[in-house]
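To start, the structure itself, in structure tokens.
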Amino acid sequence: MKLAIEQLTRRFDGIDALIDVSCTVKAGEILAIAGPNGSGKTTLLDIVTGLTEADRGDIFLGDKRLIGKRPEHIAALGVARSFQIARLFHGLTVLENLIMADATEREGLMSAVLRGEGVAEKRARERAMEHLEYLGMAAYRDTAAAKLSAGQMRRVELGRLLMQERAQLLLLDEPTASLDPEMTQIAVKVIEGLRSKGKAIVLVEHNLDVVHYIADRVMVLDQGRKMADGKPSEVFQDLEIQAIFLGGGGNSHASHR
Amino acid sequence: MTDYLMHLAIVIGIYATLAQGLNLLLGYTGIISVMQASLYGVGAYISALMASQAGVSFPLAFASASIGAALTGFIVGAAITRLQGDYLALVTFGLAVIFYDVFNNWLTVTKGPMGIPGIPAAFETKEAWLVFVAALAVAALLLVRRIDGSPYGRLLRAVRDDEILASVLGRSTQRTKTTVFTLSAFLAGAAGSVYAHYITFIDPTSFTAMESVSLLTMVIIGGMASPVGPILGAGFVVLVAESLRFAGLPDATAAPLRQVLFGLLIIVAMLFRPQGLMGRYRLSK
Amino acid sequence: MTSFTVQLLMNSMITGSVYALVAIGFALTYNIGGFFNMAHGAVFLLGAYGGYVALHVLQFGLPLAVLVSAAAAGLAGIVAHSAVFRRLALSEAPSTVFFISSLGILIAVEGTVATGFGYETIVFMPGPSPSSTFFGARVTDIQVYILALSFALLLALVVFFHMTNIGKQIRAVADDRELAKAVGISVNGVMFWVFVLGSMLAGVAGLFVGMEHTIRPGSGMVAVLWAMVASIMGGVGSFIGPVVGAFLLGFIENLAVTVFPSEWKATVVFSILILFFFLRPVGLFGVRR
Ligand SMILES: Nc1ncnc2c1ncn2[C@@H]1O[C@H](COP(=O)(O)OP(=O)(O)OP(=O)(O)O)[C@@H](O)[C@H]1O
Ligand SMILES: [Mg+2]
């Protein structure tokens, strides 16, 4: 399914987080978003997933409009995401966190009362274990998420994305942050695997090597404005774009992080 | 003496059932409610009125009270669970005051402060009561245990931990919270009915926000998100309250002292052991 | 204006000014500490009963009783802050833990007061107070006193917030916590002063409520719930909000008792609160997502 973002605009008391940003991502395509701190990357993902309201603009996934829908409805349309600071249910175990990414229909109160462990739950657990093994987290299956290190949390988040088989659009907010080089490679492989399954992927990424290697296209944001959109090799040729990344020069502004 | 011990066990059983419902809210889902005693009151009044005014039998009155309270819980839950955390707690405070006003001022139905006397007792002997209440408390325990290990229980804990993440993963947090509110109201209504038919008299003073705070104490002391926690908590709180009376204090002194003690227990628990005696879960962001 | 209107406005002013004294501390604690402080009802109670002891046991005059109320409540605020809230803040406890702890303080203090004075309602001012007529509205001398002193206190507070160092620091932290920290303001130090001042004002309000109406151990919880309604209606986030909310609440309440039987007063007030939540689910001061 194709994601189409049209003229998205959002202002936070005095700060323009996004100004008239448009872009598209097709099924099986990876669009990287790059830009300095505070350029609006996370805000864009937050608006697509329904966590933040837009002032103006529109978003379509296939023929479905996402703007104005609640996060759970957007998720049900096939949108999955990860967070810049890995976000897990900290009181749940690693395994439970992965299973939470699976189908929702057996969570009814009635099936709890009537004992509804069932096949679906068992299969979800098996799938989750496979992913955990692949990510080197199998030993932590029963560990509470709160006890994990940042890198481990990141891996669990990747596992959660792998669990969301029905999702058609994946929004990843710096999935390689706080990963060591070895894990970064695994993460890149995971993302490539997801692309080959035909998912549309938006990848916010600070590591430009990763962007060069994996992205089909890159969109550069600066202070909420779209500065470029094209093949990574071409976009990063541009001197103006290079200036944005080299400490920003004239474009620098107060970072909020 | 055995009569007295049996009485204590029955009271503990009633409170344990009530606290079990609050455990689902506070322990599993992270919702602070200060209106659990109000829903308990709804059950007690429905049952008392049906039995003493309309001559309905206990089983029917008991069922109606549970369902009536659940319905009330559903309506309230659907209305207020969109609020987050502490705001939700504040609104349950307001609702507790409103429910109390209704119990106290709707004279034509509730008889106000006079209360409703002469509610027909459901069982003749203490032994029979004890068996019935124990069965109820065990049923509540089994229910919570089953929820604990089920996908539904996992969903509750997930919503408690991070509502935003739950919604991004496709869960309606409002719907989840409404179902758990309804279920806990169901348990409160059942306990209220039993209380009314056991004591055979009810008045508004049993259904105040302060009573709800005692219930919170039970859940917090016993341990949140632990199925046996509420039973221990209820036992602890009831026995502490009784031991003050045993120490020879007159009721007029024992009641406020009990309150002081509960208050201090809550503070100490929050400062040093937020997860309670049995709890696996400590309140956190 | 008819004398009915004058009377209504007059009563609303008196009720509102007392609520404002309670609401300010409650809202400030929320602003700076990030939690709803139920223990604010406890300091209110201690102020009220402290004032009662001063008036009736120690036979002090009114001005001295006001000081006793403020001192009792202020001290209690300091104890609550340093024994409980400061520790919780240091361990970075979530707001839920603050809230439940403050509830613990409220019921412990309520029980303590009831141990000494019983659960009965006590009357501070037996017999009718001399009164005068003002544009057809009847105002008692006590009411004039309450009104004058409340307004004086509110005015003093404005001066305090704008002229003193601590006042400015409190405003800075309430305005932007991170920025205030960055310029070297100690949030815990500011919190201390918020507890002292907020509690003193609530304590004086306790005495006023006792003089104008009656007091019982349950009054503490009622007071904090009223403060909460006022703060939420006016907007917890600003300084003027809770005060405006308090006067609005005073007006609604006095209007309500002319329409509904007075025993339903609390129901009316809380229904309005809940309605507010419905219209603005995150409260008046809520931020848009
Ligand atoms: N809830 C909010 N309230 C106020 N301002 C906000 C809010 N969220 C974001 N902003 C501001 O909007 C701008 C864009 O923020 P955003 O988080 O989208 O940037 P980003 O590109 O993801 O940056 P980073 O690389 O640091 O993650 C920033 O200036 C930020 O301070
Ligand atoms: Mg970001």
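Please note that chains go A, B, ... in the order of the structure tokens, that every chain numbers its residues from 1, and that ligands are numbered from 1 in the order shown.
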Near-A:Ala76 list (9 Å; only C-alpha atoms; drop same-chain fewer than 2 positions) as a ChimeraX atom specification
/A:71-74,78-79,167 /B:169-171
If you keep N, CA, C and O atoms, can you produce a file of those selected residues as a short mmCIF file (atom, residue, chain, number, x, y, z; two decimals), in the first residue's frame?
data_model
loop_
_atom_site.label_atom_id
_atom_site.label_comp_id
_atom_site.auth_asym_id
_atom_site.auth_seq_id
_atom_site.Cartn_x
_atom_site.Cartn_y
_atom_site.Cartn_z
N PRO A 71 -5.26 6.78 17.16
CA PRO A 71 -4.10 5.90 16.94
C PRO A 71 -4.49 4.43 16.75
O PRO A 71 -3.93 3.75 15.88
N GLU A 72 -5.45 3.94 17.54
CA GLU A 72 -5.77 2.52 17.42
C GLU A 72 -6.45 2.20 16.09
O GLU A 72 -6.29 1.10 15.55
N HIS A 73 -7.18 3.18 15.53
CA HIS A 73 -7.78 2.95 14.23
C HIS A 73 -6.73 2.97 13.12
O HIS A 73 -6.79 2.19 12.17
N ILE A 74 -5.79 3.87 13.27
CA ILE A 74 -4.70 3.93 12.30
C ILE A 74 -3.90 2.63 12.33
O ILE A 74 -3.57 2.05 11.29
N GLY A 78 -3.16 -0.93 9.42
CA GLY A 78 -1.91 -1.53 8.97
C GLY A 78 -0.69 -0.64 9.12
O GLY A 78 0.22 -0.68 8.30
N VAL A 79 -0.68 0.19 10.16
CA VAL A 79 0.47 1.06 10.40
C VAL A 79 1.17 0.61 11.68
O VAL A 79 0.53 0.43 12.71
N ALA A 167 0.99 -5.46 9.25
CA ALA A 167 1.23 -4.04 8.99
C ALA A 167 1.75 -3.85 7.56
O ALA A 167 2.56 -4.63 7.08
N LEU B 169 -0.35 0.19 19.14
CA LEU B 169 -0.44 -1.23 18.78
C LEU B 169 -1.89 -1.66 18.54
O LEU B 169 -2.20 -2.85 18.52
N GLY B 170 -2.78 -0.69 18.40
CA GLY B 170 -4.14 -1.00 17.97
C GLY B 170 -5.14 -1.26 19.07
O GLY B 170 -6.25 -1.71 18.80
N ARG B 171 -4.78 -0.98 20.32
CA ARG B 171 -5.73 -1.22 21.40
C ARG B 171 -6.49 0.05 21.74
O ARG B 171 -5.87 1.12 21.85
#
Residues of chain B were defined as contacting chain C if any atom lay at most 6 Å from it, counting only C-alpha atoms; please report them as a ChimeraX atom specification.
/B:94,98,256,259-260,263,266-267,284-285
Do you know which residues are at most 12 Å from C:Phe161 counting only C-alpha atoms, after dropping those on the same chain fewer than 6 positions away, and could you put them as a ChimeraX atom specification?
/C:154-155,167-172,174,193-194,197,239-240
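With distances restricted to only C-alpha atoms and all ligand atoms, A:Asp13 is the closest residue to ligand 1 from A:Glu105, A:Glu96, A:Asp58, A:Asp13.
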Collect all residues with atoms no farther than 12 Å from ligand 2, counting only C-alpha atoms and all ligand atoms, and output them as a VMD selection string.
chain A and resid 17 33 to 46 82 to 86 172 to 175 177 203 to 206 221 224 255 to 257
Min atom-atom distance to ligand 1 from the set A:Arg127, A:Ala146, A:Arg11, A:Ala4, counting only C-alpha atoms and all ligand atoms, belongs to A:Arg11
